[in-house]
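Colleague: Sharing work-v8.cif here; it has mmCIF, C-alpha atoms.
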```cif
data_work
loop_
_atom_site.label_atom_id
_atom_site.label_comp_id
_atom_site.auth_asym_id
_atom_site.auth_seq_id
_atom_site.Cartn_x
_atom_site.Cartn_y
_atom_site.Cartn_z
CA MET Z 1 49.92 -208.85 24.67
CA LEU Z 2 46.94 -206.54 24.08
CA ARG Z 3 45.94 -205.70 20.52
CA PRO Z 4 46.29 -202.02 19.54
CA GLY Z 5 42.51 -201.52 19.63
CA ARG Z 6 42.27 -202.99 23.13
CA GLN Z 7 45.20 -200.87 24.27
CA ALA Z 8 43.50 -197.72 22.98
CA GLN Z 9 40.27 -198.67 24.76
CA ARG Z 10 42.08 -199.28 28.02
CA ARG Z 11 43.99 -196.00 27.74
CA GLY Z 12 40.75 -194.17 26.96
CA ARG Z 13 39.13 -195.58 30.12
CA TRP Z 14 42.23 -194.65 32.13
CA ILE Z 15 42.07 -191.05 30.92
CA ALA Z 16 38.31 -190.92 31.53
CA ASP Z 17 38.84 -192.05 35.15
CA PHE Z 18 41.07 -189.01 35.77
CA GLN Z 19 38.71 -186.66 33.96
CA ASP Z 20 35.78 -187.88 36.07
CA VAL Z 21 37.65 -187.15 39.30
CA LEU Z 22 38.93 -183.77 38.14
CA LYS Z 23 35.60 -182.43 36.89
CA GLU Z 24 33.93 -182.73 40.30
CA PRO Z 25 33.31 -179.39 42.11
CA SER Z 26 35.32 -180.76 45.03
CA ILE Z 27 38.18 -183.10 44.13
CA ALA Z 28 38.22 -186.43 45.99
CA LEU Z 29 41.88 -186.37 47.04
CA LYS Z 30 42.01 -190.02 48.13
CA LYS Z 31 40.68 -191.18 44.76
CA LEU Z 32 43.05 -188.85 42.88
CA ARG Z 33 45.99 -190.22 44.84
CA GLU Z 34 44.97 -193.81 44.12
CA LEU Z 35 44.76 -193.11 40.39
CA SER Z 36 47.96 -191.01 40.26
CA PHE Z 37 49.98 -193.62 42.13
CA SER Z 38 49.82 -195.92 39.09
CA GLY Z 39 50.87 -193.14 36.70
CA ILE Z 40 49.17 -190.04 35.30
CA PRO Z 41 48.32 -189.54 31.59
CA CYS Z 42 49.96 -186.57 29.90
CA GLU Z 43 47.02 -186.07 27.53
CA GLY Z 44 44.99 -182.92 28.00
CA GLY Z 45 47.37 -181.53 30.59
CA LEU Z 46 46.18 -184.08 33.15
CA ARG Z 47 49.60 -184.62 34.71
CA CYS Z 48 50.20 -180.88 35.09
CA LEU Z 49 46.86 -180.42 36.80
CA CYS Z 50 47.26 -183.46 39.07
CA TRP Z 51 50.74 -182.39 40.18
CA LYS Z 52 49.46 -178.92 41.05
CA ILE Z 53 46.79 -180.47 43.27
CA LEU Z 54 49.06 -183.13 44.79
CA LEU Z 55 51.69 -180.49 45.60
CA ASN Z 56 49.07 -178.30 47.33
CA TYR Z 57 49.31 -175.46 44.83
CA LEU Z 58 45.68 -175.82 43.78
CA PRO Z 59 42.98 -176.42 46.41
CA LEU Z 60 40.41 -179.21 46.15
CA GLU Z 61 37.59 -176.74 45.43
CA ARG Z 62 37.53 -176.12 41.67
CA ALA Z 63 35.58 -172.88 41.98
CA SER Z 64 38.55 -171.13 43.58
CA TRP Z 65 41.17 -172.16 41.01
CA THR Z 66 40.85 -169.14 38.71
CA SER Z 67 41.17 -166.54 41.47
CA ILE Z 68 44.01 -168.38 43.25
CA LEU Z 69 46.03 -168.81 40.06
CA ALA Z 70 45.58 -165.13 39.16
CA LYS Z 71 46.63 -164.08 42.67
CA GLN Z 72 49.71 -166.33 42.77
CA ARG Z 73 50.86 -165.41 39.29
CA GLU Z 74 50.59 -161.71 40.12
CA LEU Z 75 52.53 -162.34 43.33
CA TYR Z 76 55.31 -163.97 41.31
CA SER Z 77 55.40 -160.93 38.99
CA GLN Z 78 55.83 -158.80 42.10
CA PHE Z 79 58.77 -160.97 43.18
CA LEU Z 80 60.37 -160.37 39.77
CA ARG Z 81 59.91 -156.62 40.14
CA GLU Z 82 61.29 -156.48 43.67
CA MET Z 83 64.20 -158.93 43.35
CA ILE Z 84 65.40 -158.63 39.76
CA ILE Z 85 64.02 -155.52 38.05
CA GLN Z 86 64.29 -152.93 40.85
CA PRO Z 87 67.80 -154.05 41.98
CA GLY Z 88 68.81 -154.04 38.30
CA ILE Z 89 67.59 -150.47 37.89
CA ALA Z 90 69.29 -149.44 41.16
CA LYS Z 91 72.57 -151.03 40.00
CA ALA Z 92 72.34 -149.18 36.68
CA ASN Z 93 71.73 -145.88 38.51
CA MET Z 94 74.26 -146.35 41.32
CA GLY Z 95 77.08 -143.89 41.05
CA VAL Z 96 76.06 -142.41 37.70
CA SER Z 97 78.37 -139.53 38.49
CA ARG Z 98 81.09 -139.26 41.12
CA GLU Z 99 79.15 -136.87 43.34
CA ASP Z 100 76.25 -139.36 43.49
CA VAL Z 101 78.33 -141.95 45.35
CA THR Z 102 77.59 -141.90 49.07
CA PHE Z 103 79.39 -144.06 51.62
CA GLU Z 104 76.29 -146.26 51.85
CA ASP Z 105 76.31 -146.85 48.09
CA HIS Z 106 80.06 -147.33 47.72
CA PRO Z 107 81.13 -150.82 46.54
CA LEU Z 108 83.83 -150.92 49.25
CA ASN Z 109 81.41 -150.17 52.08
CA PRO Z 110 82.06 -153.05 54.53
CA SER Z 111 78.62 -152.85 56.15
CA PRO Z 112 76.73 -156.17 55.78
CA ASP Z 113 73.54 -154.11 55.23
CA SER Z 114 74.88 -152.10 52.32
CA ARG Z 115 73.18 -152.55 48.95
CA TRP Z 116 76.49 -153.42 47.31
CA ASN Z 117 77.27 -156.11 49.87
CA THR Z 118 73.86 -157.67 49.25
CA TYR Z 119 74.47 -157.42 45.50
CA PHE Z 120 77.84 -159.20 45.71
CA LYS Z 121 76.46 -161.96 47.93
CA ASP Z 122 73.55 -162.48 45.55
CA ASN Z 123 76.05 -162.74 42.70
CA GLU Z 124 77.85 -165.63 44.40
CA VAL Z 125 74.56 -167.52 44.61
CA LEU Z 126 73.61 -166.57 41.05
CA LEU Z 127 76.90 -167.84 39.61
CA GLN Z 128 76.43 -171.26 41.22
CA ILE Z 129 72.85 -171.44 39.96
CA ASP Z 130 73.99 -170.36 36.50
CA LYS Z 131 76.61 -173.11 36.25
CA ASP Z 132 74.16 -175.77 37.38
CA VAL Z 133 71.13 -174.85 35.29
CA ARG Z 134 73.18 -174.84 32.09
CA ARG Z 135 73.84 -178.55 32.72
CA LEU Z 136 70.20 -179.53 33.17
CA CYS Z 137 69.16 -182.77 31.45
CA PRO Z 138 72.04 -182.87 28.94
CA ASP Z 139 70.50 -185.88 27.17
CA ILE Z 140 67.73 -183.65 25.76
CA SER Z 141 67.92 -180.23 24.09
CA PHE Z 142 64.76 -178.82 25.70
CA PHE Z 143 66.44 -176.55 28.25
CA GLN Z 144 68.68 -174.95 25.62
CA ARG Z 145 65.75 -174.13 23.34
CA ALA Z 146 63.90 -170.81 23.42
CA THR Z 147 60.69 -170.70 25.42
CA GLU Z 148 57.51 -169.80 23.55
CA TYR Z 149 56.58 -167.51 26.43
CA PRO Z 150 59.58 -165.36 27.43
CA CYS Z 151 59.04 -163.20 30.49
CA LEU Z 152 57.91 -159.85 29.05
CA LEU Z 153 58.52 -158.09 32.37
CA ILE Z 154 62.21 -159.01 32.12
CA LEU Z 155 62.69 -158.65 28.37
CA ASP Z 156 60.74 -155.43 27.85
CA PRO Z 157 63.07 -153.28 25.67
CA GLN Z 158 61.71 -150.16 27.41
CA ASN Z 159 63.30 -151.34 30.68
CA GLU Z 160 67.00 -150.62 30.79
CA PHE Z 161 68.17 -152.58 33.79
CA GLU Z 162 70.63 -155.31 34.59
CA THR Z 163 69.05 -158.73 33.95
CA LEU Z 164 70.38 -161.94 35.50
CA ARG Z 165 71.99 -162.76 32.16
CA LYS Z 166 73.90 -159.45 32.21
CA ARG Z 167 74.87 -159.91 35.85
CA VAL Z 168 76.49 -163.25 35.06
CA GLU Z 169 78.29 -161.82 32.03
CA GLN Z 170 79.63 -158.86 33.99
CA THR Z 171 80.94 -160.67 37.06
CA THR Z 172 84.50 -161.79 37.62
CA LEU Z 173 83.59 -165.31 36.47
CA LYS Z 174 83.61 -164.56 32.74
CA SER Z 175 81.28 -166.37 30.38
CA GLN Z 176 84.24 -168.19 28.79
CA THR Z 177 85.01 -169.85 32.13
CA VAL Z 178 81.40 -170.89 32.52
CA ALA Z 179 81.44 -172.33 28.99
CA ARG Z 180 84.39 -174.59 29.73
CA ASN Z 181 82.54 -176.06 32.68
CA ARG Z 182 79.16 -176.56 31.06
CA SER Z 183 79.75 -180.10 29.84
CA GLY Z 184 80.71 -181.42 33.27
CA VAL Z 185 78.36 -183.22 35.63
CA THR Z 186 77.56 -181.78 39.03
CA ASN Z 187 79.10 -183.30 42.13
CA MET Z 188 75.80 -185.02 42.75
CA SER Z 189 75.26 -186.25 39.19
CA SER Z 190 75.14 -189.84 38.08
CA PRO Z 191 78.23 -190.90 36.11
CA HIS Z 192 76.08 -192.59 33.46
CA LYS Z 193 74.29 -189.42 32.43
CA ASN Z 194 75.24 -188.44 28.91
CA PRO Z 195 77.64 -185.51 28.75
CA VAL Z 196 76.55 -182.39 26.90
CA PRO Z 197 77.23 -182.90 23.18
CA SER Z 198 80.16 -180.83 21.96
CA SER Z 199 77.81 -178.76 19.80
CA LEU Z 200 76.06 -177.61 22.97
CA ASN Z 201 79.17 -176.83 25.01
CA GLU Z 202 78.93 -173.28 23.77
CA TYR Z 203 75.25 -172.53 23.98
CA GLU Z 204 73.84 -170.53 21.12
CA VAL Z 205 73.20 -166.93 22.07
CA LEU Z 206 69.52 -166.30 21.51
CA PRO Z 207 68.42 -163.07 19.81
CA ASN Z 208 67.10 -160.14 21.82
CA GLY Z 209 63.59 -160.76 23.09
CA CYS Z 210 64.17 -164.52 23.46
CA GLU Z 211 65.30 -166.58 26.40
CA ALA Z 212 66.14 -170.26 26.83
CA HIS Z 213 64.24 -172.54 29.20
CA TRP Z 214 67.33 -172.84 31.40
CA GLU Z 215 67.24 -169.07 31.95
CA VAL Z 216 63.67 -169.38 33.23
CA VAL Z 217 64.80 -172.10 35.66
CA GLU Z 218 67.69 -169.87 36.74
CA ARG Z 219 65.25 -167.08 37.56
CA ILE Z 220 63.01 -169.43 39.59
CA LEU Z 221 65.97 -170.64 41.66
CA PHE Z 222 67.32 -167.13 42.18
CA ILE Z 223 63.94 -165.87 43.45
CA TYR Z 224 63.66 -168.91 45.72
CA ALA Z 225 67.14 -168.26 47.14
CA LYS Z 226 66.28 -164.61 47.82
CA LEU Z 227 63.04 -165.50 49.59
CA ASN Z 228 64.63 -168.32 51.61
CA PRO Z 229 67.96 -166.93 52.87
CA GLY Z 230 68.23 -169.63 55.52
CA ILE Z 231 68.85 -172.26 52.84
CA ALA Z 232 69.31 -170.02 49.74
CA TYR Z 233 70.55 -172.29 46.93
CA VAL Z 234 72.22 -175.67 47.33
CA GLN Z 235 73.60 -177.62 44.40
CA GLY Z 236 71.05 -180.23 43.41
CA MET Z 237 67.98 -178.02 43.71
CA ASN Z 238 68.30 -177.52 39.95
CA GLU Z 239 67.65 -181.25 39.52
CA ILE Z 240 64.43 -180.92 41.54
CA VAL Z 241 63.03 -177.89 39.73
CA GLY Z 242 63.98 -179.20 36.25
CA PRO Z 243 61.36 -181.97 35.90
CA LEU Z 244 58.67 -179.75 37.41
CA TYR Z 245 59.34 -176.95 34.94
CA TYR Z 246 59.63 -179.34 31.99
CA THR Z 247 56.24 -180.85 32.82
CA PHE Z 248 54.50 -177.48 33.12
CA ALA Z 249 56.29 -175.89 30.15
CA THR Z 250 55.17 -178.74 27.86
CA ASP Z 251 51.53 -178.56 28.99
CA PRO Z 252 49.29 -178.96 25.92
CA ASN Z 253 47.03 -176.26 27.39
CA ASN Z 254 48.64 -173.04 26.10
CA GLU Z 255 46.86 -170.88 28.65
CA TRP Z 256 48.54 -172.83 31.46
CA LYS Z 257 51.83 -173.29 29.60
CA GLU Z 258 52.16 -169.50 29.39
CA HIS Z 259 52.37 -169.39 33.20
CA ALA Z 260 54.75 -172.33 33.61
CA GLU Z 261 57.37 -170.15 35.34
CA ALA Z 262 55.12 -168.89 38.14
CA ASP Z 263 53.35 -172.22 38.60
CA THR Z 264 56.69 -174.07 38.77
CA PHE Z 265 57.99 -171.60 41.34
CA PHE Z 266 55.12 -172.21 43.76
CA CYS Z 267 55.06 -175.99 43.24
CA PHE Z 268 58.84 -176.09 43.73
CA THR Z 269 58.51 -173.98 46.89
CA ASN Z 270 55.87 -176.36 48.27
CA LEU Z 271 57.94 -179.41 47.38
CA MET Z 272 61.07 -177.90 48.95
CA ALA Z 273 59.09 -177.21 52.16
CA GLU Z 274 58.79 -181.00 52.46
CA ILE Z 275 62.33 -182.02 51.45
CA ARG Z 276 64.45 -178.97 52.34
CA ASP Z 277 65.92 -180.72 55.40
CA ASN Z 278 67.78 -183.00 52.97
CA PHE Z 279 69.70 -179.93 51.77
CA ILE Z 280 70.60 -178.50 55.19
CA LYS Z 281 73.94 -179.92 56.29
CA SER Z 282 73.47 -178.97 59.96
CA LEU Z 283 70.41 -181.25 60.08
CA ASP Z 284 72.11 -184.27 58.47
CA ASP Z 285 72.29 -186.27 61.70
CA SER Z 286 68.91 -185.21 63.11
CA GLN Z 287 65.76 -187.32 62.83
CA CYS Z 288 64.57 -185.18 59.93
CA GLY Z 289 67.95 -185.15 58.16
CA ILE Z 290 69.30 -187.14 55.24
CA THR Z 291 71.49 -189.46 57.36
CA TYR Z 292 68.42 -190.78 59.21
CA LYS Z 293 66.66 -191.43 55.88
CA MET Z 294 69.66 -193.25 54.42
CA GLU Z 295 69.83 -195.47 57.49
CA LYS Z 296 66.10 -196.10 57.10
CA VAL Z 297 66.77 -197.52 53.63
CA TYR Z 298 69.21 -200.02 55.17
CA SER Z 299 66.93 -200.90 58.09
CA THR Z 300 64.10 -201.55 55.59
CA LEU Z 301 66.46 -203.69 53.50
CA LYS Z 302 67.46 -205.65 56.61
CA ASP Z 303 63.78 -206.35 57.24
CA LYS Z 304 63.06 -207.37 53.62
CA ASP Z 305 66.30 -209.13 52.58
CA VAL Z 306 68.70 -209.74 55.45
CA GLU Z 307 71.18 -211.69 53.28
CA LEU Z 308 71.68 -208.76 50.93
CA TYR Z 309 71.85 -206.33 53.87
CA LEU Z 310 74.63 -208.38 55.53
CA LYS Z 311 76.55 -208.58 52.24
CA LEU Z 312 76.58 -204.79 51.86
CA GLN Z 313 77.55 -204.41 55.51
CA GLU Z 314 80.36 -206.93 55.11
CA GLN Z 315 81.74 -204.96 52.16
CA SER Z 316 81.42 -201.69 54.12
CA ILE Z 317 79.17 -200.25 51.42
CA LYS Z 318 77.52 -197.42 53.31
CA PRO Z 319 74.23 -195.90 52.14
CA GLN Z 320 76.01 -192.53 51.92
CA PHE Z 321 77.88 -193.87 48.89
CA PHE Z 322 74.73 -194.04 46.74
CA ALA Z 323 71.49 -193.39 48.66
CA PHE Z 324 72.44 -189.78 49.42
CA ARG Z 325 71.96 -188.85 45.78
CA TRP Z 326 68.97 -191.17 45.31
CA LEU Z 327 67.06 -189.61 48.22
CA THR Z 328 68.16 -185.99 48.00
CA LEU Z 329 67.43 -185.65 44.29
CA LEU Z 330 64.32 -187.90 44.28
CA LEU Z 331 66.06 -190.25 41.81
CA SER Z 332 66.21 -187.50 39.18
CA GLN Z 333 69.82 -188.38 38.31
CA GLU Z 334 69.36 -192.15 38.08
CA PHE Z 335 66.94 -192.30 35.14
CA LEU Z 336 66.02 -190.45 31.98
CA LEU Z 337 63.58 -187.56 32.35
CA PRO Z 338 60.37 -189.37 31.20
CA ASP Z 339 61.10 -192.14 33.71
CA VAL Z 340 61.82 -189.63 36.49
CA ILE Z 341 58.46 -187.99 35.79
CA ARG Z 342 56.71 -191.38 36.00
CA ILE Z 343 58.39 -192.10 39.36
CA TRP Z 344 57.34 -188.68 40.63
CA ASP Z 345 53.69 -189.47 39.82
CA SER Z 346 53.88 -192.16 42.50
CA LEU Z 347 55.97 -190.11 44.95
CA PHE Z 348 53.62 -187.12 44.79
CA ALA Z 349 50.60 -189.40 45.21
CA ASP Z 350 52.06 -190.92 48.40
CA ASP Z 351 49.93 -189.69 51.31
CA ASN Z 352 52.85 -190.33 53.68
CA ARG Z 353 54.95 -188.20 51.41
CA PHE Z 354 58.25 -189.83 50.41
CA ASP Z 355 57.93 -192.91 52.63
CA PHE Z 356 57.40 -194.66 49.32
CA LEU Z 357 60.73 -193.25 48.09
CA LEU Z 358 62.51 -195.31 50.77
CA LEU Z 359 60.75 -198.42 49.46
CA VAL Z 360 61.68 -197.56 45.87
CA CYS Z 361 65.35 -197.33 46.92
CA CYS Z 362 65.04 -200.65 48.73
CA ALA Z 363 63.40 -202.22 45.66
CA MET Z 364 66.27 -200.97 43.48
CA LEU Z 365 68.70 -202.89 45.72
CA ILE Z 366 66.65 -206.08 45.83
CA LEU Z 367 66.15 -206.16 42.05
CA ILE Z 368 69.93 -206.41 41.54
CA ARG Z 369 70.52 -208.66 44.58
CA GLU Z 370 72.11 -211.51 42.57
CA GLN Z 371 74.70 -209.18 41.04
CA LEU Z 372 75.37 -207.56 44.42
CA LEU Z 373 75.76 -210.91 46.19
CA GLU Z 374 78.27 -212.06 43.57
CA GLY Z 375 80.19 -208.79 43.16
CA ASP Z 376 83.13 -207.39 45.09
CA PHE Z 377 83.26 -203.87 46.54
CA THR Z 378 84.38 -202.21 43.30
CA ILE Z 379 81.82 -203.95 41.08
CA ASN Z 380 79.00 -203.28 43.54
CA MET Z 381 79.88 -199.62 43.91
CA ARG Z 382 79.80 -199.28 40.14
CA LEU Z 383 76.37 -200.94 40.04
CA LEU Z 384 74.96 -198.65 42.70
CA GLN Z 385 76.38 -195.45 41.26
CA ASP Z 386 75.35 -196.33 37.70
CA TYR Z 387 72.12 -198.23 38.27
CA PRO Z 388 71.62 -200.89 35.55
CA ILE Z 389 67.82 -201.35 35.43
CA THR Z 390 65.98 -198.92 33.17
CA ASP Z 391 62.44 -200.31 33.51
CA VAL Z 392 61.02 -198.02 36.19
CA CYS Z 393 57.64 -199.79 36.13
CA GLN Z 394 59.41 -202.94 37.34
CA ILE Z 395 61.03 -200.97 40.15
CA LEU Z 396 57.76 -199.30 41.18
CA GLN Z 397 55.93 -202.64 41.10
CA LYS Z 398 58.57 -204.17 43.40
CA ALA Z 399 58.34 -201.18 45.76
CA LYS Z 400 54.55 -201.60 45.89
CA GLU Z 401 55.01 -205.28 46.77
CA LEU Z 402 57.33 -204.29 49.62
CA GLN Z 403 54.75 -201.75 50.79
CA ASP Z 404 51.95 -204.34 50.74
CA THR Z 405 53.97 -206.88 52.75
CA LYS Z 406 54.68 -204.57 55.66
#
```
Represent the structure contained in this file as structure tokens.

Modeller:
Amino acid sequence: MLRPGRQAQRRGRWIADFQDVLKEPSIALKKLRELSFSGIPCEGGLRCLCWKILLNYLPLERASWTSILAKQRELYSQFLREMIIQPGIAKANMGVSREDVTFEDHPLNPSPDSRWNTYFKDNEVLLQIDKDVRRLCPDISFFQRATEYPCLLILDPQNEFETLRKRVEQTTLKSQTVARNRSGVTNMSSPHKNPVPSSLNEYEVLPNGCEAHWEVVERILFIYAKLNPGIAYVQGMNEIVGPLYYTFATDPNNEWKEHAEADTFFCFTNLMAEIRDNFIKSLDDSQCGITYKMEKVYSTLKDKDVELYLKLQEQSIKPQFFAFRWLTLLLSQEFLLPDVIRIWDSLFADDNRFDFLLLVCCAMLILIREQLLEGDFTINMRLLQDYPITDVCQILQKAKELQDTK
């Protein structure tokens, strides 16, 4: 075991290695990936910066960072104006007096192109997002706390328009109904995740001018759904955006932390471009769909540990029973948030993006092989749906061994 002084020296060298790569005018992506694969330090905002590069939000040329960030953050502000503020103003002004109501603006207008029809459809999506984001990471209080940087565009007292918060409160699904459901886990959640403490079942109403972190996440997902109508919002996306936002919103660099919402949106959009097929049911059985990836976990297991593979086959334990959630949610429901973030360092650094995730899933099976070989169907299902190993470094090390023995 290293002495504290030696540990500090080693950590200092580790941080310096990242700083050396990141201060170059042109970032050496291969070197950054190699370093990031073994974990990224959180000091000095290094992880936030590395993730933005690895997720293709920031280019490799440092000189262009300032202008690109300014452009993207302004673009996100424009999305807020077009998709939340302007519709909110229009809703507030619609039918102010009876003579103002035209057929086009009437709530009962059956036309799919009517503004009201669009509004009602958006509300259905918003209500699902709202229920899910309130459940984010129930083992920590972060998402229920007020953000230091509320969105001034949305909370400007001079703007009298319907915010997302008001839309949820005013829909047929009353806030009391939402409250009763807040402590539950989503259909895709791990059963071992801690339920929301009773004191948080009814979230504290924040004073005017404040907003909770979960409300920021809700806005990100709503904008994404509006811009991507082909997929819109699917339950589980909240578990993907959560760790991204947490990482950026806890950046020690206040200048970057202030823009966590916009930066998260674009990184989430880029990440979803790579994994969105997992969320599209019609693609499940295609070569890019989730079924193919689940079967790939089993074919890899067969290659690495045929005895364990045959045991799971004999017990008719299909990968759909556990690997669906592991793969779709990038293991975000299997471990606590700091461990999920550490796993994502390696996943984002993978140049064959997410091939390493298949090996991580395979490693998780092999590391509990003795228990699985001894257990019956019920015991093994419980093991796989409530994974017992909490040391993610052990899992990542085993996955790397599997990768190196290909």

Colleague: Which residues come within 8 Å of range 241-250 of chain Z, counting only C-alpha atoms, excluding same-chain residues fewer than 5 positions away, as a list in words?

Modeller: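 The residues that qualify are Arg47, Cys48, Leu136, Cys137, Val217, Trp256, Lys257, Glu258, Ala260, Glu261, Asp263, Thr264, Cys267, Phe268, Leu337, Val340 and Ile341 of chain Z.
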
Colleague: Give me the residues within 12 Å of range 18-20 of chain Z as an MDAnalysis selection string, counting all atoms listed in the file and dropping any in the same chain fewer than 3 places off.

Modeller: chainID Z and resid 11:15 23:29 31:47 49:50

Colleague: Measuring between only C-alpha atoms, which one of Z:His259, Z:Ile220, Z:Ala273, Z:Glu162 shows the shortest distance to Glu74 in chain Z?

Modeller: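 When distances to Glu74 in chain Z are compared using only C-alpha atoms, the smallest one comes from Z:His259.
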
Colleague: For CA of Glu334 in chain Z and CA of Tyr387 in chain Z, determine how far apart the two atoms are, in Å to one decimal place.

Modeller: 6.7 Å

Colleague: Run the PyMOL selection byres ((chain Z and resi 391) around 12) against the file shown and list the residues it catches, as a PyMOL selection string.

Modeller: chain Z and resi 334-336+338-340+342-343+364+367+387-390+392-398

Colleague: Please provide the set of residues having any atom within 8 Å of Ile129 in chain Z, restricted to only C-alpha atoms, with same-chain residues fewer than 5 positions apart removed, written as a PDB file with C-alpha atoms, in the coordinates of the input.

Modeller:
```pdb
ATOM      1  CA  GLU Z 218      67.690-169.870  36.740  1.00  0.00           C
ATOM      2  CA  LEU Z 221      65.970-170.640  41.660  1.00  0.00           C
ATOM      3  CA  PHE Z 222      67.320-167.130  42.180  1.00  0.00           C
ATOM      4  CA  TYR Z 233      70.550-172.290  46.930  1.00  0.00           C
ATOM      5  CA  GLN Z 235      73.600-177.620  44.400  1.00  0.00           C
ATOM      6  CA  ASN Z 238      68.300-177.520  39.950  1.00  0.00           C
TER       7      ASN Z 238
END
```

Colleague: Quick check on the file I pasted: which residues fall under the PyMOL selection byres ((chain Z and resi 351-353) around 12)? Write them as a ChimeraX atom specification.

Modeller: /Z:29-34,36-37,54-55,271,273-275,330,344-350,354-359,403

Colleague: With C-alpha atoms retained, could you export that selection as a short mmCIF file (atom, residue, chain, number, x, y, z; two decimals), in the frame of the given file?

Modeller:
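Final output, part-v6.cif:
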```
data_model
loop_
_atom_site.label_atom_id
_atom_site.label_comp_id
_atom_site.auth_asym_id
_atom_site.auth_seq_id
_atom_site.Cartn_x
_atom_site.Cartn_y
_atom_site.Cartn_z
CA LEU Z 29 41.88 -186.37 47.04
CA LYS Z 30 42.01 -190.02 48.13
CA LYS Z 31 40.68 -191.18 44.76
CA LEU Z 32 43.05 -188.85 42.88
CA ARG Z 33 45.99 -190.22 44.84
CA GLU Z 34 44.97 -193.81 44.12
CA SER Z 36 47.96 -191.01 40.26
CA PHE Z 37 49.98 -193.62 42.13
CA LEU Z 54 49.06 -183.13 44.79
CA LEU Z 55 51.69 -180.49 45.60
CA LEU Z 271 57.94 -179.41 47.38
CA ALA Z 273 59.09 -177.21 52.16
CA GLU Z 274 58.79 -181.00 52.46
CA ILE Z 275 62.33 -182.02 51.45
CA LEU Z 330 64.32 -187.90 44.28
CA TRP Z 344 57.34 -188.68 40.63
CA ASP Z 345 53.69 -189.47 39.82
CA SER Z 346 53.88 -192.16 42.50
CA LEU Z 347 55.97 -190.11 44.95
CA PHE Z 348 53.62 -187.12 44.79
CA ALA Z 349 50.60 -189.40 45.21
CA ASP Z 350 52.06 -190.92 48.40
CA PHE Z 354 58.25 -189.83 50.41
CA ASP Z 355 57.93 -192.91 52.63
CA PHE Z 356 57.40 -194.66 49.32
CA LEU Z 357 60.73 -193.25 48.09
CA LEU Z 358 62.51 -195.31 50.77
CA LEU Z 359 60.75 -198.42 49.46
CA GLN Z 403 54.75 -201.75 50.79
#
```

Colleague: Which residue, Z:Arg10, Z:Lys281, Z:Lys311, Z:Lys296, has the smallest gap to Gly375 in chain Z when you use all atoms listed in the file?

Modeller: Z:Lys311

Colleague: So which residues touch Asn208 in chain Z within 12 Å, counting only C-alpha atoms, skipping near sequence neighbours fewer than 5 positions away, as a PyMOL selection string?

Modeller: chain Z and resi 146+150+152+154-157+165

Colleague: With C-alpha atoms retained, export the selected residues as a tab-separated table (two decimals), in the frame of the given file.

Modeller:
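Contents of part-v2.tsv, freshly written:
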```tsv
chain	number	residue	atom	x	y	z
Z	146	ALA	CA	63.90	-170.81	23.42
Z	150	PRO	CA	59.58	-165.36	27.43
Z	152	LEU	CA	57.91	-159.85	29.05
Z	154	ILE	CA	62.21	-159.01	32.12
Z	155	LEU	CA	62.69	-158.65	28.37
Z	156	ASP	CA	60.74	-155.43	27.85
Z	157	PRO	CA	63.07	-153.28	25.67
Z	165	ARG	CA	71.99	-162.76	32.16
```

Colleague: Considering all atoms listed in the file, can you say which of Z:Arg276, Z:Ile240, Z:Thr171, Z:Leu227 comes closest to Leu126 in chain Z?

Modeller: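 Of the candidates, the smallest distance to Leu126 in chain Z is held by Z:Thr171.
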
Colleague: Rank Z:Leu308, Z:Ala225, Z:Val21, Z:Leu127 by their smallest atom-to-atom distance to Leu372 in chain Z, using all atoms listed in the file, and report the top residue only.

Modeller: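 Checking each candidate against Leu372 in chain Z, we get Z:Leu308 as the closest.
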
Colleague: So which one's closest to Leu373 in chain Z, Z:Thr163, Z:Gln313, Z:Thr405, Z:Gln78? Using all atoms listed in the file, please.

Modeller: Z:Gln313

Colleague: Just the number, please: distance in Å from CA of Lys52 in chain Z to CA of Ser67 in chain Z, one decimal.

Modeller: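 About the pair CA of Lys52 in chain Z and CA of Ser67 in chain Z: they are 14.9 Å apart.
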